[in-house]
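Peer 1: A single structure is presented below for examination.
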Amino acid sequence: MYVPSHDWEQLPPWDRYLVRVHAFALKAPYAVLTHESAAALWGLPLLGAQPHIHAIAPRSGDARLVGDVQWHHLKDEPDVVTTPGAALTPPVDTVVNLARSRHPAVARVAADALLRLGDCSSDLLLDANESRQSKRGRAAARWPLTTTTPLPESPLETLSIVEIEWLGFEAPELQVSVGGMDGNEYRVDCFWRRADIIGEADGRSKYTLDGQLPERAVWLEKRREDVLRRSASGFTRWIWEDVGRPTRLQAILRAVGVPEVRVPRWEPLRTLAAIL
């Protein structure tokens, strides 16, 4: 299958992966997509590069890598959703598959996004995990499925919360309203109430307001930040590059005095940095 090179070059990495998944589904309509490939079709965010298409193998002996297709054999008979373009595992099963076999931050990002879509809960994900016959990955899946929350509004915010915990900082309140000195209420990403510190995960969506020119969006966000800086004892921002290097996020949070309440967990932070 072919895609015009001009169109392909205009696509970001996640959309290129989605194109590859659709192409495979057209070439192999008998295949049931799973793991990252199913997540991409459900619109769930993924982290890092995706070199492989993932599909369910009918027999355990077929669970191997063939070209760029990784075939998986699932001990439990999977539920299958058939759409006009592909057959794939349902959203809950897809997230549980990721939680059992991938980095916990990868699963947490997908789980948070699924909860934001509605019709799902942490309890539902946990029940799906615990009810499977196979024990493989069951224990590993519990942390991301237990801690998942719909409050983060983007993968960047979810990763920020995960890294804040692993770096040993006090957990912030999420998406809370803070009173500004101008008398208005402002919703912030993170608020450490005891320390009176505001933290913001600075993604591009803050500067792409609907119907606004980019220059005006930047100006409005700058005015908002000025008010918040005057309204709290501390204010800080971080971006994707800071989350990709956890020591940078650690330095940013320390600089404004976010309380450190536990010893950092460097192993999952190192492996996460390698993915990002």
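Residue numbers start at 1 in each chain; chains themselves are named A, B, ... in the order of the structure tokens; ligands are numbered from 1 in the order shown.
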Which residues, written as a VMD selection string, have at least one atom at most 8 Å from Val178 in chain A, with only C-alpha atoms counted and residues fewer than 4 positions away on the same chain left out?

Peer 2: chain A and resid 185 to 188

Peer 1: Give me, as a list in words, all polymer residues having an atom no more than 12 Å from Ser60 in chain A, counting only C-alpha atoms and skipping those fewer than 2 positions away in the same chain.

Peer 2: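 The neighbour list is Ile56, Ala57, Pro58, Asp62, Ala63, Arg64, Trp71, His72, His73, Leu74, Lys75 and Asp76 of chain A.
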
Peer 1: Take the selection from the previous step and output its residues with C-alpha atoms, as a compact mmCIF listing (two decimals), in the first residue's frame.

Peer 2:
# COMPACT_ATOMS: atom_id res chain seq x y z
CA ILE A 56 -3.81 -11.32 18.06
CA ALA A 57 -2.36 -14.64 16.94
CA PRO A 58 -4.79 -17.60 16.78
CA ASP A 62 2.18 -17.86 16.06
CA ALA A 63 3.03 -15.23 18.69
CA ARG A 64 6.09 -13.80 17.01
CA TRP A 71 1.49 -11.15 16.86
CA HIS A 72 0.28 -11.81 20.43
CA HIS A 73 -1.34 -14.91 21.85
CA LEU A 74 -3.79 -14.13 24.66
CA LYS A 75 -4.62 -16.97 27.03
CA ASP A 76 -8.04 -15.47 27.74

Peer 1: Show which residues sit within 8 Å of Ala31 in chain A, as a PDB file with N, CA, C and O atoms, in the first residue's frame. Count only C-alpha atoms, and ignore same-chain residues fewer than 4 positions away.

Peer 2:
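The resulting file, part-v9.pdb, is shown below:
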ATOM      1  N   ALA A  25      -4.911  -3.092   8.589  1.00  0.00           N
ATOM      2  CA  ALA A  25      -6.283  -3.592   8.731  1.00  0.00           C
ATOM      3  C   ALA A  25      -6.915  -3.840   7.366  1.00  0.00           C
ATOM      4  O   ALA A  25      -7.683  -4.795   7.186  1.00  0.00           O
ATOM      5  N   ALA A  55      -1.297  -7.408  16.681  1.00  0.00           N
ATOM      6  CA  ALA A  55      -2.509  -8.167  16.365  1.00  0.00           C
ATOM      7  C   ALA A  55      -2.490  -9.478  17.143  1.00  0.00           C
ATOM      8  O   ALA A  55      -1.438  -9.937  17.610  1.00  0.00           O
ATOM      9  N   ILE A  56      -3.662 -10.091  17.275  1.00  0.00           N
ATOM     10  CA  ILE A  56      -3.805 -11.324  18.057  1.00  0.00           C
ATOM     11  C   ILE A  56      -3.550 -12.537  17.168  1.00  0.00           C
ATOM     12  O   ILE A  56      -4.141 -12.673  16.088  1.00  0.00           O
ATOM     13  N   ALA A  87     -11.162  -4.876  13.015  1.00  0.00           N
ATOM     14  CA  ALA A  87     -11.585  -5.606  14.208  1.00  0.00           C
ATOM     15  C   ALA A  87     -10.528  -5.377  15.280  1.00  0.00           C
ATOM     16  O   ALA A  87      -9.322  -5.456  14.998  1.00  0.00           O
TER      17      ALA A  87
END

Peer 1: Please provide as a list in words all residues within 12 Å of Arg142 in chain A, with the sequence filter that same-chain residues fewer than 4 positions apart are discarded (counting only C-alpha atoms).

Peer 2: Val95, Val96, Asn97, Leu98, Ala99, Arg100, Ser101, Pro104, Ala107, Arg108, Ala111, Ser122, Asp123, Leu125, Leu126, Asp127, Ala128, Asn129, Glu130, Lys135, Gly137, Arg138, Thr146, Thr147 and Thr148 of chain A

Peer 1: Please identify the strand (DSSP E or B) residues within range 47-195 of chain A (assignment by DSSP from backbone atoms) and present them as a VMD selection string.

Peer 2: chain A and resid 53 to 56 65 to 66 69 to 72 81 to 82 87 to 88 169 173 to 179 185 to 192

Peer 1: Using only C-alpha atoms, which residues sit within 7 Å of range 68-70 of chain A once same-chain residues fewer than 6 positions away are excluded, as a list in words?

Peer 2: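 In the requested form, the answer reads Pro51, His52, Ile53, His54 and Ala55 of chain A.
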
Peer 1: Under the rule of at most 12 Å, produce a per-residue listing of range 113-225 of chain A near range 267-270 of chain A: chain, number, name, the closest pair of atoms, and the distance in Å, as CSV, using only C-alpha atoms.

Peer 2:
residue,atom,partner,partner_atom,distance
A:Leu159,CA,A:Leu269,CA,10.6
A:Ser160,CA,A:Leu269,CA,11.4
A:Val162,CA,A:Leu269,CA,9.3
A:Glu163,CA,A:Leu269,CA,7.1
A:Ile164,CA,A:Leu269,CA,10.3
A:Glu165,CA,A:Leu269,CA,10.4
A:Trp166,CA,A:Leu269,CA,7.1
A:Leu167,CA,A:Leu269,CA,8.1
A:Gly168,CA,A:Leu269,CA,11.4

Peer 1: Would you list the contacts of Ala49 in chain A as a list of chain:residue names, taking every protein, DNA or RNA residue within 10 Å and counting only C-alpha atoms, but skipping same-chain residues closer than 5 positions in sequence?

Peer 2: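 In the requested format, the answer is A:Pro13, A:Trp14, A:Tyr17, A:Ile275, A:Leu276.
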
Peer 1: For the residues selected in the previous step, produce a file with all heavy atoms as a compact mmCIF listing (two decimals), in the first residue's frame.

Peer 2:
# COMPACT_ATOMS: atom_id res chain seq x y z
N PRO A 13 4.23 11.99 14.07
CA PRO A 13 4.50 10.56 14.24
C PRO A 13 3.28 9.73 14.63
O PRO A 13 3.11 8.60 14.15
CB PRO A 13 5.56 10.53 15.35
CG PRO A 13 6.25 11.85 15.23
CD PRO A 13 5.19 12.82 14.82
N TRP A 14 2.41 10.28 15.50
CA TRP A 14 1.26 9.48 15.94
C TRP A 14 0.26 9.25 14.81
O TRP A 14 -0.37 8.20 14.74
CB TRP A 14 0.58 10.14 17.15
CG TRP A 14 0.30 11.60 16.99
CD1 TRP A 14 -0.82 12.18 16.46
CD2 TRP A 14 1.16 12.68 17.37
NE1 TRP A 14 -0.73 13.55 16.48
CE2 TRP A 14 0.47 13.89 17.04
CE3 TRP A 14 2.42 12.76 17.95
CZ2 TRP A 14 1.04 15.15 17.29
CZ3 TRP A 14 2.97 14.01 18.19
CH2 TRP A 14 2.29 15.18 17.86
N TYR A 17 1.63 6.54 12.50
CA TYR A 17 1.36 5.20 13.04
C TYR A 17 -0.07 4.80 12.76
O TYR A 17 -0.36 3.66 12.38
CB TYR A 17 1.65 5.16 14.54
CG TYR A 17 1.42 3.80 15.15
CD1 TYR A 17 2.20 2.71 14.78
CD2 TYR A 17 0.41 3.60 16.09
CE1 TYR A 17 1.99 1.45 15.32
CE2 TYR A 17 0.20 2.34 16.64
CZ TYR A 17 0.99 1.27 16.26
OH TYR A 17 0.77 0.03 16.80
N ILE A 275 11.87 5.90 26.84
CA ILE A 275 10.72 5.80 25.92
C ILE A 275 10.45 7.15 25.27
O ILE A 275 10.20 7.24 24.06
CB ILE A 275 9.48 5.33 26.69
CG1 ILE A 275 9.67 3.90 27.18
CG2 ILE A 275 8.23 5.43 25.81
CD1 ILE A 275 8.55 3.42 28.10
N LEU A 276 10.49 8.21 26.08
CA LEU A 276 10.15 9.53 25.58
C LEU A 276 11.23 10.10 24.66
O LEU A 276 10.97 10.93 23.83
CB LEU A 276 9.91 10.49 26.76
CG LEU A 276 8.79 10.10 27.71
CD1 LEU A 276 8.71 11.07 28.86
CD2 LEU A 276 7.46 10.04 26.97

Peer 1: Among range 161-206 of chain A, which residues carry a DSSP assignment of alpha helix (DSSP H), reported as a VMD selection string?

Peer 2: chain A and resid 161 to 166

Peer 1: For Ile252 in chain A, which residue among A:Leu117, A:Leu151, A:Glu200, A:Val227 is the nearest when counting only C-alpha atoms?

Peer 2: A:Glu200

Peer 1: Rounded to one decimal in Å, what is the spacing between CA of Ile198 in chain A and CA of Ala110 in chain A?

Peer 2: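 Answer for the CA of Ile198 in chain A to CA of Ala110 in chain A separation: 25.5 Å.
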